[in-house]
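As stored in entry.txt (compact mmCIF, N, CA and C atoms):
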# COMPACT_ATOMS: atom_id res chain seq x y z
N GLN A 1 10.65 9.97 14.97
CA GLN A 1 10.11 8.62 15.01
C GLN A 1 8.94 8.55 16.00
N VAL A 2 7.92 7.82 15.61
CA VAL A 2 6.75 7.65 16.45
C VAL A 2 6.57 6.16 16.72
N GLN A 3 6.43 5.83 17.98
CA GLN A 3 6.12 4.45 18.35
C GLN A 3 4.67 4.36 18.76
N LEU A 4 4.00 3.35 18.26
CA LEU A 4 2.59 3.12 18.56
C LEU A 4 2.44 1.76 19.23
N VAL A 5 1.71 1.73 20.32
CA VAL A 5 1.49 0.48 21.05
C VAL A 5 0.00 0.29 21.29
N GLU A 6 -0.53 -0.79 20.74
CA GLU A 6 -1.94 -1.11 20.91
C GLU A 6 -2.15 -2.00 22.14
N SER A 7 -3.35 -1.91 22.67
CA SER A 7 -3.76 -2.79 23.75
C SER A 7 -5.27 -2.93 23.71
N GLY A 8 -5.79 -3.91 24.43
CA GLY A 8 -7.23 -4.05 24.57
C GLY A 8 -7.86 -5.17 23.77
N GLY A 9 -7.07 -5.85 22.96
CA GLY A 9 -7.63 -6.97 22.22
C GLY A 9 -7.94 -8.14 23.12
N GLY A 10 -8.60 -9.14 22.54
CA GLY A 10 -8.92 -10.34 23.32
C GLY A 10 -9.99 -11.16 22.65
N LEU A 11 -10.53 -12.08 23.44
CA LEU A 11 -11.58 -12.98 22.97
C LEU A 11 -12.91 -12.52 23.56
N VAL A 12 -13.91 -12.41 22.70
CA VAL A 12 -15.21 -11.95 23.15
C VAL A 12 -16.28 -12.70 22.35
N GLN A 13 -17.44 -12.88 22.96
CA GLN A 13 -18.54 -13.54 22.26
C GLN A 13 -19.22 -12.55 21.32
N ALA A 14 -19.84 -13.09 20.30
CA ALA A 14 -20.60 -12.25 19.37
C ALA A 14 -21.64 -11.43 20.15
N GLY A 15 -21.73 -10.16 19.77
CA GLY A 15 -22.62 -9.24 20.47
C GLY A 15 -21.94 -8.45 21.57
N GLY A 16 -20.74 -8.86 21.92
CA GLY A 16 -20.01 -8.19 22.98
C GLY A 16 -19.27 -6.96 22.50
N SER A 17 -18.49 -6.38 23.41
CA SER A 17 -17.76 -5.14 23.13
C SER A 17 -16.30 -5.26 23.56
N LEU A 18 -15.48 -4.50 22.86
CA LEU A 18 -14.08 -4.33 23.24
C LEU A 18 -13.69 -2.89 22.96
N ARG A 19 -12.71 -2.41 23.71
CA ARG A 19 -12.17 -1.08 23.47
C ARG A 19 -10.67 -1.20 23.26
N LEU A 20 -10.23 -0.87 22.07
CA LEU A 20 -8.82 -0.88 21.77
C LEU A 20 -8.21 0.49 22.05
N SER A 21 -6.99 0.47 22.56
CA SER A 21 -6.26 1.70 22.81
C SER A 21 -4.95 1.68 22.04
N CYS A 22 -4.50 2.86 21.66
CA CYS A 22 -3.22 2.99 20.97
C CYS A 22 -2.52 4.22 21.55
N ALA A 23 -1.39 3.97 22.18
CA ALA A 23 -0.62 5.05 22.79
C ALA A 23 0.60 5.36 21.94
N ALA A 24 0.82 6.63 21.69
CA ALA A 24 1.97 7.07 20.89
C ALA A 24 3.06 7.61 21.80
N SER A 25 4.29 7.31 21.43
CA SER A 25 5.43 7.82 22.19
C SER A 25 6.58 8.10 21.24
N GLY A 26 7.67 8.62 21.79
CA GLY A 26 8.81 8.98 20.97
C GLY A 26 8.76 10.45 20.62
N ARG A 27 9.44 10.80 19.54
CA ARG A 27 9.46 12.20 19.10
C ARG A 27 8.16 12.47 18.35
N THR A 28 7.12 12.54 19.13
CA THR A 28 5.81 12.62 18.51
C THR A 28 5.16 13.98 18.71
N PHE A 29 4.57 14.46 17.68
CA PHE A 29 3.66 15.60 17.77
C PHE A 29 2.32 15.02 17.35
N PHE A 30 1.72 14.33 18.27
CA PHE A 30 0.58 13.46 17.99
C PHE A 30 -0.52 14.17 17.22
N SER A 31 -0.75 15.42 17.57
CA SER A 31 -1.84 16.16 16.94
C SER A 31 -1.59 16.44 15.46
N ARG A 32 -0.38 16.18 14.98
CA ARG A 32 -0.07 16.41 13.58
C ARG A 32 -0.46 15.23 12.68
N TYR A 33 -0.88 14.15 13.28
CA TYR A 33 -1.12 12.93 12.51
C TYR A 33 -2.60 12.60 12.40
N VAL A 34 -2.98 12.18 11.21
CA VAL A 34 -4.24 11.47 11.04
C VAL A 34 -4.03 10.08 11.63
N MET A 35 -4.99 9.61 12.39
CA MET A 35 -4.88 8.30 13.03
C MET A 35 -5.94 7.36 12.48
N ALA A 36 -5.58 6.09 12.44
CA ALA A 36 -6.52 5.12 11.89
C ALA A 36 -6.31 3.75 12.55
N TRP A 37 -7.33 2.93 12.40
CA TRP A 37 -7.26 1.52 12.76
C TRP A 37 -7.48 0.70 11.50
N PHE A 38 -6.61 -0.29 11.34
CA PHE A 38 -6.73 -1.25 10.25
C PHE A 38 -6.88 -2.63 10.88
N ARG A 39 -7.36 -3.57 10.08
CA ARG A 39 -7.37 -4.96 10.55
C ARG A 39 -6.96 -5.87 9.40
N GLN A 40 -6.45 -7.01 9.81
CA GLN A 40 -5.99 -7.99 8.84
C GLN A 40 -6.30 -9.39 9.31
N VAL A 41 -6.76 -10.21 8.38
CA VAL A 41 -6.97 -11.63 8.65
C VAL A 41 -6.05 -12.40 7.72
N PRO A 42 -5.69 -13.61 8.11
CA PRO A 42 -4.76 -14.40 7.28
C PRO A 42 -5.27 -14.57 5.85
N GLY A 43 -4.38 -14.34 4.91
CA GLY A 43 -4.73 -14.52 3.50
C GLY A 43 -5.39 -13.33 2.85
N LYS A 44 -5.63 -12.29 3.63
CA LYS A 44 -6.28 -11.10 3.08
C LYS A 44 -5.42 -9.88 3.29
N GLU A 45 -5.68 -8.85 2.48
CA GLU A 45 -4.95 -7.60 2.63
C GLU A 45 -5.42 -6.86 3.88
N ARG A 46 -4.52 -6.06 4.39
CA ARG A 46 -4.88 -5.21 5.51
C ARG A 46 -5.90 -4.17 5.03
N GLU A 47 -6.97 -3.99 5.80
CA GLU A 47 -8.02 -3.08 5.39
C GLU A 47 -8.28 -2.04 6.47
N ILE A 48 -8.68 -0.88 6.02
CA ILE A 48 -8.96 0.17 6.98
C ILE A 48 -10.31 -0.06 7.63
N VAL A 49 -10.36 0.21 8.92
CA VAL A 49 -11.59 0.07 9.68
C VAL A 49 -12.17 1.45 9.99
N ALA A 50 -11.31 2.35 10.47
CA ALA A 50 -11.75 3.69 10.83
C ALA A 50 -10.56 4.64 10.80
N ALA A 51 -10.85 5.90 10.53
CA ALA A 51 -9.82 6.93 10.52
C ALA A 51 -10.37 8.20 11.13
N LEU A 52 -9.47 9.02 11.67
CA LEU A 52 -9.89 10.21 12.39
C LEU A 52 -8.92 11.35 12.10
N SER A 53 -9.48 12.52 11.81
CA SER A 53 -8.65 13.67 11.49
C SER A 53 -7.90 14.19 12.70
N ARG A 54 -6.94 15.07 12.43
CA ARG A 54 -6.10 15.62 13.48
C ARG A 54 -6.91 16.36 14.54
N ASN A 55 -7.97 17.03 14.10
CA ASN A 55 -8.74 17.88 15.01
C ASN A 55 -9.95 17.16 15.60
N ASN A 56 -10.00 15.85 15.40
CA ASN A 56 -11.05 15.03 16.03
C ASN A 56 -12.44 15.31 15.46
N ILE A 57 -12.49 15.84 14.25
CA ILE A 57 -13.79 16.22 13.67
C ILE A 57 -14.21 15.28 12.55
N SER A 58 -13.32 15.05 11.59
CA SER A 58 -13.68 14.21 10.44
C SER A 58 -13.37 12.75 10.75
N ARG A 59 -14.34 11.89 10.42
CA ARG A 59 -14.19 10.47 10.66
C ARG A 59 -14.55 9.69 9.41
N TYR A 60 -13.91 8.55 9.27
CA TYR A 60 -14.25 7.58 8.24
C TYR A 60 -14.45 6.23 8.90
N TYR A 61 -15.48 5.52 8.44
CA TYR A 61 -15.71 4.16 8.90
C TYR A 61 -15.95 3.27 7.69
N ALA A 62 -15.38 2.08 7.72
CA ALA A 62 -15.72 1.09 6.71
C ALA A 62 -17.19 0.74 6.84
N ASP A 63 -17.82 0.44 5.73
CA ASP A 63 -19.26 0.13 5.74
C ASP A 63 -19.57 -1.00 6.72
N SER A 64 -18.68 -1.93 6.84
CA SER A 64 -18.93 -3.12 7.65
C SER A 64 -18.99 -2.81 9.15
N VAL A 65 -18.49 -1.64 9.56
CA VAL A 65 -18.46 -1.33 10.99
C VAL A 65 -19.28 -0.09 11.35
N LYS A 66 -19.85 0.56 10.37
CA LYS A 66 -20.64 1.77 10.64
C LYS A 66 -21.76 1.47 11.61
N GLY A 67 -21.91 2.35 12.59
CA GLY A 67 -22.95 2.20 13.59
C GLY A 67 -22.57 1.29 14.74
N ARG A 68 -21.44 0.60 14.62
CA ARG A 68 -20.99 -0.31 15.69
C ARG A 68 -19.68 0.12 16.32
N PHE A 69 -18.80 0.71 15.51
CA PHE A 69 -17.47 1.11 15.99
C PHE A 69 -17.39 2.63 16.07
N THR A 70 -16.60 3.11 17.04
CA THR A 70 -16.36 4.54 17.19
C THR A 70 -14.88 4.79 17.42
N ILE A 71 -14.31 5.66 16.60
CA ILE A 71 -12.92 6.05 16.78
C ILE A 71 -12.87 7.41 17.47
N SER A 72 -11.93 7.56 18.39
CA SER A 72 -11.78 8.83 19.10
C SER A 72 -10.32 9.01 19.48
N ARG A 73 -9.98 10.21 19.86
CA ARG A 73 -8.60 10.50 20.22
C ARG A 73 -8.55 11.59 21.28
N ASP A 74 -7.45 11.61 22.01
CA ASP A 74 -7.16 12.68 22.95
C ASP A 74 -5.73 13.11 22.66
N ASN A 75 -5.57 14.26 22.02
CA ASN A 75 -4.23 14.70 21.62
C ASN A 75 -3.35 15.02 22.82
N ALA A 76 -3.96 15.41 23.92
CA ALA A 76 -3.18 15.70 25.13
C ALA A 76 -2.60 14.43 25.74
N LYS A 77 -3.26 13.31 25.50
CA LYS A 77 -2.79 12.03 26.04
C LYS A 77 -2.08 11.18 25.00
N ASN A 78 -1.94 11.70 23.79
CA ASN A 78 -1.27 10.96 22.70
C ASN A 78 -1.90 9.57 22.52
N THR A 79 -3.21 9.52 22.56
CA THR A 79 -3.89 8.24 22.52
C THR A 79 -5.08 8.29 21.57
N VAL A 80 -5.29 7.16 20.88
CA VAL A 80 -6.47 6.98 20.04
C VAL A 80 -7.13 5.67 20.46
N TRP A 81 -8.45 5.65 20.40
CA TRP A 81 -9.21 4.48 20.81
C TRP A 81 -10.11 3.99 19.67
N LEU A 82 -10.49 2.75 19.78
CA LEU A 82 -11.51 2.20 18.90
C LEU A 82 -12.49 1.43 19.79
N GLN A 83 -13.67 1.98 19.96
CA GLN A 83 -14.73 1.32 20.71
C GLN A 83 -15.49 0.43 19.75
N MET A 84 -15.54 -0.86 20.05
CA MET A 84 -16.19 -1.82 19.17
C MET A 84 -17.36 -2.46 19.90
N ASN A 85 -18.55 -2.23 19.40
CA ASN A 85 -19.76 -2.79 19.99
C ASN A 85 -20.43 -3.74 19.01
N SER A 86 -21.33 -4.54 19.54
CA SER A 86 -22.07 -5.50 18.71
C SER A 86 -21.13 -6.28 17.80
N LEU A 87 -20.12 -6.81 18.39
CA LEU A 87 -19.09 -7.49 17.61
C LEU A 87 -19.63 -8.74 16.94
N LYS A 88 -19.10 -9.00 15.75
CA LYS A 88 -19.48 -10.15 14.94
C LYS A 88 -18.26 -11.03 14.69
N PRO A 89 -18.46 -12.30 14.43
CA PRO A 89 -17.31 -13.18 14.13
C PRO A 89 -16.44 -12.64 12.99
N GLU A 90 -17.06 -11.97 12.03
CA GLU A 90 -16.28 -11.44 10.91
C GLU A 90 -15.43 -10.23 11.29
N ASP A 91 -15.56 -9.75 12.51
CA ASP A 91 -14.67 -8.69 13.00
C ASP A 91 -13.33 -9.26 13.49
N THR A 92 -13.24 -10.55 13.56
CA THR A 92 -12.01 -11.20 14.01
C THR A 92 -10.83 -10.82 13.13
N GLY A 93 -9.70 -10.55 13.76
CA GLY A 93 -8.49 -10.23 13.03
C GLY A 93 -7.47 -9.56 13.93
N VAL A 94 -6.34 -9.22 13.35
CA VAL A 94 -5.34 -8.43 14.06
C VAL A 94 -5.60 -6.97 13.73
N TYR A 95 -5.73 -6.18 14.76
CA TYR A 95 -6.03 -4.76 14.61
C TYR A 95 -4.76 -3.94 14.82
N TYR A 96 -4.51 -3.06 13.87
CA TYR A 96 -3.32 -2.23 13.89
C TYR A 96 -3.70 -0.75 13.99
N CYS A 97 -2.98 -0.06 14.82
CA CYS A 97 -3.07 1.39 14.90
C CYS A 97 -2.05 1.97 13.94
N ALA A 98 -2.38 3.09 13.28
CA ALA A 98 -1.47 3.69 12.32
C ALA A 98 -1.58 5.20 12.33
N ALA A 99 -0.47 5.85 11.98
CA ALA A 99 -0.42 7.31 11.95
C ALA A 99 0.06 7.78 10.59
N SER A 100 -0.58 8.84 10.10
CA SER A 100 -0.25 9.39 8.79
C SER A 100 0.00 10.88 8.88
N SER A 101 1.04 11.32 8.17
CA SER A 101 1.33 12.75 8.08
C SER A 101 0.86 13.32 6.74
N ALA A 102 0.07 12.54 6.02
CA ALA A 102 -0.40 12.98 4.71
C ALA A 102 -1.22 14.26 4.81
N LEU A 103 -1.17 15.04 3.74
CA LEU A 103 -1.96 16.27 3.69
C LEU A 103 -3.44 15.92 3.60
N GLY A 104 -4.26 16.86 4.00
CA GLY A 104 -5.70 16.62 3.95
C GLY A 104 -6.23 16.26 5.32
N ALA A 105 -7.51 16.39 5.45
CA ALA A 105 -8.13 16.13 6.75
C ALA A 105 -8.05 14.67 7.16
N ILE A 106 -8.14 13.79 6.16
CA ILE A 106 -8.22 12.37 6.48
C ILE A 106 -7.76 11.58 5.26
N THR A 107 -7.25 10.39 5.49
CA THR A 107 -6.87 9.52 4.39
C THR A 107 -7.19 8.08 4.74
N THR A 108 -7.60 7.32 3.73
CA THR A 108 -7.90 5.91 3.93
C THR A 108 -6.91 5.01 3.22
N ALA A 109 -5.92 5.60 2.56
CA ALA A 109 -4.94 4.82 1.80
C ALA A 109 -3.88 4.24 2.71
N LEU A 110 -3.71 2.93 2.65
CA LEU A 110 -2.75 2.26 3.51
C LEU A 110 -1.34 2.84 3.35
N ASP A 111 -0.97 3.16 2.12
CA ASP A 111 0.38 3.65 1.86
C ASP A 111 0.64 5.04 2.42
N ASP A 112 -0.41 5.73 2.82
CA ASP A 112 -0.24 7.06 3.42
C ASP A 112 0.16 7.00 4.89
N TYR A 113 0.10 5.82 5.47
CA TYR A 113 0.39 5.67 6.89
C TYR A 113 1.83 5.23 7.08
N GLN A 114 2.60 6.07 7.78
CA GLN A 114 4.04 5.84 7.94
C GLN A 114 4.39 5.05 9.20
N TYR A 115 3.55 5.14 10.20
CA TYR A 115 3.88 4.52 11.48
C TYR A 115 2.79 3.52 11.85
N TRP A 116 3.24 2.38 12.34
CA TRP A 116 2.33 1.29 12.67
C TRP A 116 2.66 0.69 14.03
N GLY A 117 1.62 0.25 14.71
CA GLY A 117 1.81 -0.52 15.92
C GLY A 117 2.07 -1.97 15.59
N GLN A 118 2.25 -2.77 16.63
CA GLN A 118 2.59 -4.18 16.43
C GLN A 118 1.34 -5.04 16.22
N GLY A 119 0.18 -4.47 16.50
CA GLY A 119 -1.07 -5.20 16.31
C GLY A 119 -1.57 -5.86 17.58
N THR A 120 -2.88 -5.98 17.68
CA THR A 120 -3.50 -6.67 18.80
C THR A 120 -4.60 -7.58 18.24
N GLN A 121 -4.65 -8.80 18.74
CA GLN A 121 -5.59 -9.80 18.22
C GLN A 121 -6.98 -9.60 18.82
N VAL A 122 -7.97 -9.59 17.95
CA VAL A 122 -9.37 -9.58 18.37
C VAL A 122 -10.02 -10.84 17.80
N THR A 123 -10.61 -11.61 18.67
CA THR A 123 -11.28 -12.84 18.26
C THR A 123 -12.71 -12.80 18.77
N VAL A 124 -13.66 -12.93 17.85
CA VAL A 124 -15.07 -12.91 18.20
C VAL A 124 -15.64 -14.30 17.93
N SER A 125 -16.11 -14.94 18.97
CA SER A 125 -16.66 -16.29 18.82
C SER A 125 -18.15 -16.23 18.59
N SER A 126 -18.64 -17.20 17.84
CA SER A 126 -20.07 -17.22 17.52
C SER A 126 -20.86 -17.99 18.56

So that I can check it, write out the structure of this file as structure tokens.
Amino acid sequence: QVQLVESGGGLVQAGGSLRLSCAASGRTFFSRYVMAWFRQVPGKEREIVAALSRNNISRYYADSVKGRFTISRDNAKNTVWLQMNSLKPEDTGVYYCAASSALGAITTALDDYQYWGQGTQVTVSS
């Protein structure tokens, strides 16, 4: 079992920055998991924002965040981060950290992620 705990959300003005953290604990072999950040707003499906391969090499970003967000990880610290810059009101939502044991370097499919954090709220005001 892997437990994921997010932190770093909050209220920020448009154009500002936030850094989300996700710490893994439990019977974890953190380096075995593809890690990702998803976000969800009321009335909409949870969508992937960014994903990162086990070896910290392959990355995926949703088109809406390319050039503004950066995903990174430290396998020795069992932690993954999401650096969010130039935030926009449409980035508002609950951000979830997730871990996948799926085969392949990276996956963007929600159903491939077995472990989820509780979510952290990000609110960007205009």

**Study point:** Pick from A:Arg73, A:Tyr95, A:Gly104, A:Asp111 nearest to Gly9 of chain A, counting only N, CA and C atoms
**Key:**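 Counting only N, CA and C atoms, the residue closest to Gly9 of chain A is A:Tyr95.
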
Please, which residues in segment 60-118 of chain A fall within 6 Å of segment 38-47 of chain A when counting only C-alpha atoms, and what is the closest atom pair and distance in Å to one decimal for each, ordered by chain then residue number, as CSV?
residue,atom,partner,partner_atom,distance
A:Gly93,CA,A:Val41,CA,4.8
A:Val94,CA,A:Gln40,CA,5.3
A:Tyr95,CA,A:Arg39,CA,4.3
A:Tyr96,CA,A:Phe38,CA,5.1

Point to revise | DSSP-assigned strand (DSSP E) among chain A, expressed as JSON, numbers by chain | key: {"A": [2, 3, 4, 5, 6, 7, 10, 11, 12, 13, 18, 19, 20, 21, 22, 23, 24, 25, 26, 34, 35, 36, 37, 38, 39, 40, 47, 48, 49, 50, 51, 52, 59, 60, 61, 69, 70, 71, 72, 73, 74, 79, 80, 81, 82, 83, 84, 93, 94, 95, 96, 97, 98, 99, 100, 113, 114, 115, 116, 120, 121, 122, 123, 124, 125]}

Point to revise | Long-range neighbours of segment 113-126 of chain A as a list in words, 6 Å cut-off, only C-alpha atoms, 6 positions minimum in chain | key: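 Those residues are Leu4, Val5, Gly9, Gly10, Leu11, Val12, Gln13, Ala14, Pro89, Thr92, Gly93, Val94, Tyr95, Tyr96, Cys97, Ala98, Ala99 and Ser100 of chain A.
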
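Counting from atom CA of Leu87 of chain A, the distance to atom CA of Gly16 of chain A is 5.5 Å.
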
Review point. Distance atom CA of Phe29 of chain A-atom C of Leu82 of chain A, one decimal place?
Key: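 Going from atom CA of Phe29 of chain A over to atom C of Leu82 of chain A covers 21.6 Å.
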
Review point. If you measure from atom CA of Phe69 of chain A to atom CA of Phe30 of chain A, what distance in Å do you get, rounded to one decimal?
Key: 22.0 Å

Study note, to complete from the structure: Min atom-atom distance to Met35 of chain A from the set A:Ala109, A:Leu52, A:Ala62, A:Val2, counting all atoms listed in the file, belongs to A:Leu52

Point to revise | 7 Å contact set for Arg54 of chain A, only N, CA and C atoms, chain neighbours under 3 positions out, as a VMD selection string | key: chain A and resid 30 to 35 57 to 58 105 to 106

Check your understanding: Using only C-alpha atoms, which of the listed residues (A:Ala36, A:Ala76, A:Ile71, A:Met84) sits closest to Thr107 of chain A?
Key -> A:Ala36

Practice item. Find the residue from A:Gln83, A:Gly67, A:Ser53, A:Gln3 that sits nearest to Leu20 of chain A; use all atoms listed in the file when measuring. Key: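 Closest residue, counting all atoms listed in the file: A:Gln83.
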
Point to revise | Exercise: Ser21 of chain A partners within 7 Å, only C-alpha atoms, chain neighbours under 4 positions left out, as a list in words | key: Glu6, Ser7, Gly8, Thr79, Val80, Trp81 and Leu82 of chain A

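With only the atoms specified (only C-alpha atoms) counting, those residues at most 7 Å away from (-8.8, 4.3, 6.3) are Ala36, Ile48, Val49, Ala50, Ala51, Tyr60, Thr107, Thr108, Ala109 and Leu110 of chain A.
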